[in-house]
$ cat data20.cif   # mmCIF, C-alpha atoms
data_start
loop_
_atom_site.label_atom_id
_atom_site.label_comp_id
_atom_site.auth_asym_id
_atom_site.auth_seq_id
_atom_site.Cartn_x
_atom_site.Cartn_y
_atom_site.Cartn_z
CA MET L 27 -54.03 -26.32 13.66
CA LYS L 28 -53.52 -23.83 10.84
CA LYS L 29 -50.77 -22.04 12.81
CA THR L 30 -48.97 -25.32 13.37
CA GLY L 31 -49.15 -26.13 9.67
CA ILE L 32 -47.78 -22.71 8.70
CA SER L 33 -44.92 -23.05 11.20
CA LEU L 34 -44.00 -26.47 9.86
CA PHE L 35 -44.08 -25.12 6.31
CA ILE L 36 -41.74 -22.23 7.19
CA CYS L 37 -39.31 -24.60 8.95
CA ALA L 38 -39.34 -26.94 5.96
CA LEU L 39 -38.72 -24.04 3.57
CA LEU L 40 -35.76 -22.73 5.59
CA SER L 41 -34.29 -26.22 5.81
CA ALA L 42 -34.59 -26.69 2.05
CA LEU L 43 -32.88 -23.36 1.35
CA MET L 44 -29.98 -24.30 3.60
CA LEU L 45 -29.65 -27.77 2.09
CA PHE L 46 -29.65 -26.51 -1.50
CA GLY L 47 -26.83 -24.00 -1.10
CA CYS L 48 -28.40 -20.75 0.06
CA LYS L 49 -25.52 -18.78 1.67
CA TRP L 50 -26.29 -16.99 4.90
CA GLU L 51 -23.71 -14.23 5.34
CA VAL L 52 -22.95 -12.61 8.66
CA LYS L 53 -21.44 -9.16 8.13
CA ASP L 54 -18.03 -8.73 9.75
CA ASN L 55 -18.41 -5.43 11.57
CA LYS L 56 -14.84 -5.18 12.81
CA TYR L 57 -13.79 -3.27 9.65
CA LEU L 58 -14.67 0.30 8.71
CA ASP L 59 -16.98 0.97 5.78
CA ARG L 60 -15.40 0.27 2.42
CA PRO L 61 -14.28 3.14 0.16
CA ASP L 62 -16.00 3.94 -3.11
CA VAL L 63 -13.99 3.37 -6.29
CA VAL L 64 -15.13 4.99 -9.53
CA VAL L 65 -13.57 5.16 -12.98
CA ASP L 66 -12.75 8.73 -14.00
CA THR L 67 -13.30 8.44 -17.75
CA ASP L 68 -11.89 11.92 -18.43
CA LEU L 69 -8.50 11.14 -16.88
CA ASP L 70 -8.59 7.33 -17.32
CA VAL L 71 -7.79 6.72 -13.65
CA PHE L 72 -9.42 5.19 -10.59
CA GLU L 73 -10.75 7.63 -8.04
CA ILE L 74 -10.91 6.26 -4.49
CA ARG L 75 -13.35 8.15 -2.27
CA GLY L 76 -14.17 8.01 1.41
CA LYS L 77 -14.99 9.95 4.55
CA TYR L 78 -12.72 11.10 7.34
CA ILE L 79 -13.26 9.01 10.47
CA ASN L 80 -12.61 11.76 13.01
CA SER L 81 -10.38 14.73 13.78
CA ASN L 82 -7.78 12.39 15.30
CA THR L 83 -6.91 10.85 11.93
CA ALA L 84 -3.18 11.35 11.40
CA SER L 85 -2.89 9.56 8.05
CA ILE L 86 -4.82 7.46 5.54
CA THR L 87 -3.02 4.72 3.61
CA PHE L 88 -4.36 3.48 0.26
CA LEU L 89 -3.80 -0.19 -0.62
CA ARG L 90 -4.66 -2.02 -3.81
CA GLN L 91 -4.94 -5.59 -5.11
CA ASN L 92 -4.88 -6.85 -8.70
CA MET L 93 -7.66 -9.45 -8.69
CA ASP L 94 -6.52 -10.92 -12.02
CA SER L 95 -2.95 -11.55 -10.86
CA SER L 96 -1.99 -15.06 -9.80
CA GLU L 97 -0.08 -13.64 -6.81
CA GLN L 98 -2.81 -11.13 -5.83
CA GLU L 99 -0.28 -9.30 -3.68
CA ILE L 100 -1.34 -6.18 -1.82
CA GLU L 101 0.25 -3.06 -3.30
CA ARG L 102 0.83 0.18 -1.43
CA VAL L 103 -0.42 3.16 -3.38
CA ALA L 104 -0.13 6.32 -1.28
CA VAL L 105 -0.60 7.85 2.14
CA ILE L 106 -2.27 11.21 2.80
CA PHE L 107 -1.97 13.37 5.89
CA PRO L 108 -5.27 15.22 6.42
CA LYS L 109 -4.26 17.48 9.32
CA ASN L 110 -4.92 21.15 8.55
CA ILE L 111 -6.17 20.42 5.02
CA GLU L 112 -9.64 19.08 5.79
CA ASP L 113 -12.59 21.16 4.69
CA THR L 114 -14.90 21.44 7.69
CA ASN L 115 -17.83 21.76 5.27
CA ASP L 116 -16.84 18.67 3.31
CA GLN L 117 -15.64 15.67 5.33
CA THR L 118 -14.80 13.56 2.27
CA PHE L 119 -11.51 12.89 0.48
CA SER L 120 -10.43 11.30 -2.78
CA TYR L 121 -7.29 10.00 -4.42
CA LYS L 122 -6.68 9.36 -8.12
CA ASP L 123 -4.66 6.28 -9.06
CA GLU L 124 -3.28 5.64 -12.55
CA LYS L 125 -0.63 3.05 -11.61
CA VAL L 126 -2.59 -0.02 -12.71
CA LEU L 127 -2.68 -2.40 -15.65
CA THR L 128 -5.34 -1.91 -18.32
CA ASN L 129 -8.28 -4.34 -18.37
CA LYS L 130 -7.42 -5.87 -14.99
CA TYR L 131 -9.80 -5.88 -12.04
CA TYR L 132 -8.59 -4.04 -8.93
CA ARG L 133 -9.99 -3.44 -5.48
CA TYR L 134 -8.85 -1.15 -2.66
CA TYR L 135 -8.93 -0.77 1.10
CA LEU L 136 -7.75 1.99 3.42
CA ILE L 137 -5.95 2.07 6.76
CA PHE L 138 -6.71 4.98 9.08
CA THR L 139 -3.93 5.75 11.56
CA ASN L 140 -4.91 7.86 14.56
CA ASP L 141 -2.80 10.29 16.55
CA ASP L 142 -2.27 7.65 19.24
CA GLY L 143 -0.87 5.18 16.71
CA THR L 144 -3.89 2.86 16.50
CA ARG L 145 -4.57 1.60 12.98
CA ASN L 146 -7.95 0.51 11.66
CA ARG L 147 -8.70 -0.69 8.15
CA THR L 148 -11.77 -0.65 5.96
CA GLU L 149 -13.44 -3.47 4.12
CA TRP L 150 -12.40 -4.10 0.51
CA SER L 151 -14.04 -1.95 -2.14
CA ASP L 152 -15.93 -3.34 -5.10
CA LYS L 153 -13.60 -4.41 -7.92
CA LYS L 154 -13.26 -2.19 -10.99
CA LYS L 155 -11.11 -2.05 -14.12
CA LEU L 156 -9.85 0.56 -16.56
CA THR L 157 -10.63 -0.24 -20.19
CA SER L 158 -8.52 2.71 -21.33
CA GLY L 159 -5.60 4.38 -19.62
CA GLY L 160 -3.38 2.50 -17.20
CA ALA L 161 -0.37 0.48 -18.37
CA ASP L 162 -0.10 -2.31 -20.91
CA SER L 163 2.84 -3.85 -19.04
CA ALA L 164 4.07 -3.87 -15.44
CA ASP L 165 7.47 -2.35 -16.32
CA LYS L 166 5.77 1.01 -16.86
CA LEU L 167 4.78 1.06 -13.18
CA LYS L 168 8.03 0.21 -11.38
CA TYR L 169 11.82 0.35 -11.48
CA ASP L 170 13.67 -2.09 -13.75
CA THR L 171 15.84 -4.24 -11.48
CA SER L 172 16.13 -7.24 -13.79
CA SER L 173 19.73 -6.64 -14.89
CA SER L 174 21.33 -5.43 -11.66
CA HIS L 175 21.63 -6.18 -7.95
CA TYR L 176 23.04 -4.72 -4.74
CA VAL L 177 26.25 -5.88 -3.12
CA PHE L 178 26.15 -5.64 0.68
CA ASP L 179 29.49 -4.99 2.35
CA ASN L 180 30.55 -2.95 5.39
CA PHE L 181 27.02 -1.59 5.98
CA THR L 182 26.80 -0.29 2.41
CA LEU L 183 24.63 -1.34 -0.53
CA THR L 184 26.42 -0.83 -3.85
CA ALA L 185 24.57 -1.36 -7.12
CA ALA L 186 26.33 -3.47 -9.74
CA SER L 187 24.76 -1.18 -12.36
CA ALA L 188 22.04 1.45 -12.44
CA PHE L 189 18.37 0.71 -11.71
CA ASP L 190 16.14 2.48 -14.24
CA ALA L 191 12.94 4.27 -13.27
CA PRO L 192 9.78 3.67 -15.35
CA ASP L 193 9.14 6.02 -18.27
CA ASN L 194 6.50 8.76 -18.18
CA SER L 195 3.97 7.07 -20.47
CA VAL L 196 1.68 6.22 -17.53
CA ILE L 197 3.19 7.95 -14.50
CA THR L 198 3.44 11.30 -16.26
CA ASP L 199 5.07 13.02 -13.27
CA ILE L 200 7.74 10.32 -12.79
CA ASP L 201 10.49 12.96 -12.92
CA ASP L 202 9.16 14.25 -9.58
CA TYR L 203 9.67 10.85 -7.92
CA ASP L 204 12.81 10.01 -5.94
CA PRO L 205 14.17 6.49 -5.42
CA ALA L 206 13.41 4.89 -2.05
CA LEU L 207 14.21 1.52 -0.49
CA VAL L 208 11.72 -0.59 1.46
CA PHE L 209 13.07 -2.49 4.49
CA ALA L 210 11.41 -5.00 6.82
CA ALA L 211 12.58 -5.83 10.34
CA GLY L 212 10.53 -7.47 13.07
CA ASP L 213 6.96 -6.18 12.75
CA ARG L 214 7.95 -2.97 10.97
CA ILE L 215 8.05 -2.25 7.24
CA GLN L 216 9.20 1.21 6.19
CA VAL L 217 10.28 3.06 3.07
CA PHE L 218 13.29 5.39 3.08
CA GLU L 219 14.10 7.92 0.39
CA ILE L 220 17.71 7.77 -0.80
CA SER L 221 19.83 10.43 -2.46
CA ASN L 222 22.18 8.01 -4.22
CA ILE L 223 20.58 4.86 -5.58
CA THR L 224 23.88 3.22 -6.52
CA ALA L 225 25.59 3.59 -3.10
CA VAL L 226 23.50 3.47 0.08
CA ASP L 227 25.07 3.95 3.53
CA LEU L 228 22.76 1.99 5.86
CA LYS L 229 24.39 3.38 9.01
CA SER L 230 23.09 6.86 8.22
CA LEU L 231 19.85 5.75 6.54
CA LEU L 232 18.20 3.35 8.99
CA PRO L 233 16.97 4.30 12.47
CA GLU L 234 17.91 2.61 15.74
CA TYR L 235 14.96 0.21 15.57
CA TYR L 236 16.77 -1.85 12.91
CA PHE L 237 19.75 -2.44 15.18
CA GLY L 238 20.18 -6.08 16.17
CA LYS L 239 17.34 -7.42 14.00
CA GLN L 240 17.11 -9.47 10.85
CA VAL L 241 16.70 -6.84 8.16
CA LYS L 242 15.35 -7.61 4.71
CA LEU L 243 15.40 -5.35 1.66
CA LEU L 244 12.00 -5.79 0.00
CA GLY L 245 12.72 -3.62 -3.01
CA ILE L 246 12.83 -0.20 -4.66
CA VAL L 247 9.99 2.24 -5.19
CA GLY L 248 9.74 5.71 -6.61
CA GLN L 249 8.44 8.11 -3.97
CA ARG L 250 6.90 11.54 -4.46
CA ALA L 251 6.23 13.83 -1.51
CA ILE L 252 3.68 16.58 -2.08
CA GLU L 253 3.64 19.51 0.33
CA ASN L 254 0.74 21.65 1.49
CA SER L 255 0.69 24.75 -0.71
CA THR L 256 0.35 27.02 2.34
CA SER L 257 3.04 25.40 4.50
CA ALA L 258 6.04 23.11 4.37
CA GLU L 259 4.02 20.19 5.76
CA ILE L 260 3.86 17.03 3.66
CA LYS L 261 0.24 16.29 2.82
CA GLU L 262 0.71 13.29 0.53
CA ILE L 263 3.20 10.54 -0.33
CA ARG L 264 2.84 8.62 -3.59
CA TRP L 265 4.64 5.41 -4.57
CA THR L 266 5.33 3.56 -7.77
CA ASN L 267 4.84 -0.19 -7.63
CA ILE L 268 7.61 -1.97 -5.76
CA ALA L 269 10.39 -3.74 -7.66
CA PRO L 270 12.24 -6.52 -5.78
CA VAL L 271 16.04 -6.30 -5.65
CA THR L 272 18.53 -9.12 -5.24
CA VAL L 273 21.22 -8.53 -2.61
CA LYS L 274 24.53 -10.41 -2.67
CA ASN L 275 27.60 -10.42 -0.48
CA SER L 276 31.10 -9.65 -1.73
CA SER L 277 31.54 -13.33 -2.61
CA GLY L 278 28.51 -13.31 -4.90
CA ASP L 279 26.19 -15.29 -2.59
CA THR L 280 22.56 -14.15 -2.49
CA LEU L 281 21.49 -12.80 0.90
CA GLU L 282 17.99 -13.11 2.28
CA TYR L 283 18.76 -10.90 5.29
CA LEU L 284 21.27 -8.14 6.02
CA ASP L 285 23.43 -8.61 9.10
CA LEU L 286 23.25 -5.25 10.85
CA LYS L 287 24.86 -5.20 14.27
CA GLN L 288 25.45 -1.61 15.13
CA LYS L 289 23.51 1.56 15.85
CA PHE L 290 22.14 3.60 12.97
CA GLY L 291 20.57 6.97 12.30
CA THR L 292 17.52 8.43 14.02
CA THR L 293 15.19 9.53 11.21
CA ASP L 294 12.12 7.33 10.76
CA GLY L 295 10.85 6.47 7.29
CA TYR L 296 7.20 6.48 6.22
CA ASP L 297 5.05 3.57 7.31
CA TYR L 298 4.71 0.85 4.64
CA SER L 299 3.13 -1.96 6.66
CA LEU L 300 -0.14 -3.80 6.03
CA THR L 301 -1.32 -4.57 9.57
CA SER L 302 -4.06 -2.77 11.49
CA ASN L 303 -5.47 -2.97 15.01
CA ASN L 304 -8.85 -4.32 13.90
CA GLU L 305 -7.42 -7.33 12.06
CA ASN L 306 -8.04 -10.90 13.28
#

$ encode --input "data20.cif" --output "C-alpha cells"
Amino acid sequence: MKKTGISLFICALLSALMLFGCKWEVKDNKYLDRPDVVVDTDLDVFEIRGKYINSNTASITFLRQNMDSSEQEIERVAVIFPKNIEDTNDQTFSYKDEKVLTNKYYRYYLIFTNDDGTRNRTEWSDKKKLTSGGADSADKLKYDTSSSHYVFDNFTLTAASAFDAPDNSVITDIDDYDPALVFAAGDRIQVFEISNITAVDLKSLLPEYYFGKQVKLLGIVGQRAIENSTSAEIKEIRWTNIAPVTVKNSSGDTLEYLDLKQKFGTTDGYDYSLTSNNEN
C-alpha cells in the first residue's frame, strides 16, 4: 500500500511540474560540441577555442552572430586550414576575433569540412561581449559602400566611385587585407579576391560553375590570406564584415541578379556558405 502511495505521489509531482512550466529539454546530438569563447582582456578580443575532430579535417570555418542586432545575421569570420600545422601533442586550436561591436553579445559556431567534402557544424557557443575593445560603430568593420555602386555591362562590374576600406582603429592590420567580392549562385556562395575593385572582369574571375545560373553579388569584404611560415601553403583566411553593394545596369535600373550566359575562368574561390551536412 505504501509503494502504491509513493508511486501516485511521484506521478502527481511530475504532472504538476509539467503543468506549471517546467521545460524538459532533449539534447540535439546531431551537432558537434560547441566551441569555447573567452574574452582576452589583454588584447580586448574574443578567443574562440576548440578541438580538432580528426586528421581528415581540411578546414574549419568560424561563424558569428550579434545577438543584440535586430537582423541577427550570421557573419563569416575566418577559415583555417589545419593540415601540416597541427601539434600532435596539442589537438586544440584557437582564433582571436576583434571585428565586433563593443558591449554587444555575440555567439559563435564552427563548420568542420573534411577531405571528402562533408561539412559538419557545432552547436552555438555561449554568448559573450567585449566591454572594452571592439568597435563603437559598424563602419569600422566593413567597407563603405553607401555612396557608390557597381554598373554591370558586358560581363564587367564598374564602380561609379571608389569603395573605401575601414580604417585601422579596430582592424589594425587592415592594410594587409585585399578587396574581395562575394557571389551566390545555386547552392554555392564563394568569395573571390580582386586586384582592381573599380573594374571587375567577371569572365576571368568566376569559375565555370556560375555559367548559366542566376548570380547575385552579396557584397564586398576585405580578405587577408596568411601563409604557413615554413611553406607557401595558406593556413588562414580572415574577412572583414561584409558590406552590401548595389548593382545597376547601364540604364540605371537596380539589378537583383547578374545575367551571365557564357563560360568563365577555372579558379575556385574560398567557401563562404553556411550549410553543413548535419543540418536539418

$ resolve_selection --input "data20.cif" --expression "the PyMOL selection byres ((chain L and resi 76) around 12)" --output "number ranges by chain"
L: 58-64, 73-75, 77-79, 86-88, 116-121, 134-138, 148-149, 151

$ closest_residue --input "data20.cif" --among "L:Lys261, L:Glu219, L:Thr67, L:Ala84" --to "Asp142 in chain L" --atoms "all atoms listed in the file"
L:Ala84

$ resolve_selection --input "data20.cif" --expression "the PyMOL selection byres ((chain L and resi 268) around 12)" --output "number ranges by chain"
L: 99-103, 125, 164-171, 191-192, 205-209, 217, 243-249, 264-267, 269-271, 298

$ resolve_selection --input "data20.cif" --expression "the PyMOL selection byres ((chain L and resi 127) around 6)" --output "PDB file with C-alpha atoms, in the frame of the given file"
ATOM      1  CA  VAL L 126      -2.590  -0.020 -12.710  1.00  0.00           C
ATOM      2  CA  THR L 128      -5.340  -1.910 -18.320  1.00  0.00           C
ATOM      3  CA  LYS L 130      -7.420  -5.870 -14.990  1.00  0.00           C
ATOM      4  CA  GLY L 160      -3.380   2.500 -17.200  1.00  0.00           C
ATOM      5  CA  ALA L 161      -0.370   0.480 -18.370  1.00  0.00           C
ATOM      6  CA  ASP L 162      -0.100  -2.310 -20.910  1.00  0.00           C
TER       7      ASP L 162
END

$ residues_near_point --input "data20.cif" --point "(-0.4, 6.3, -19.2)" --cutoff "8 Å" --atoms "only C-alpha atoms" --output "number ranges by chain"
L: 124, 159-161, 194-198

$ atom_distance --input "data20.cif" --atom1 "CA of Glu234 in chain L" --atom2 "CA of Asp294 in chain L"
9.0 Å
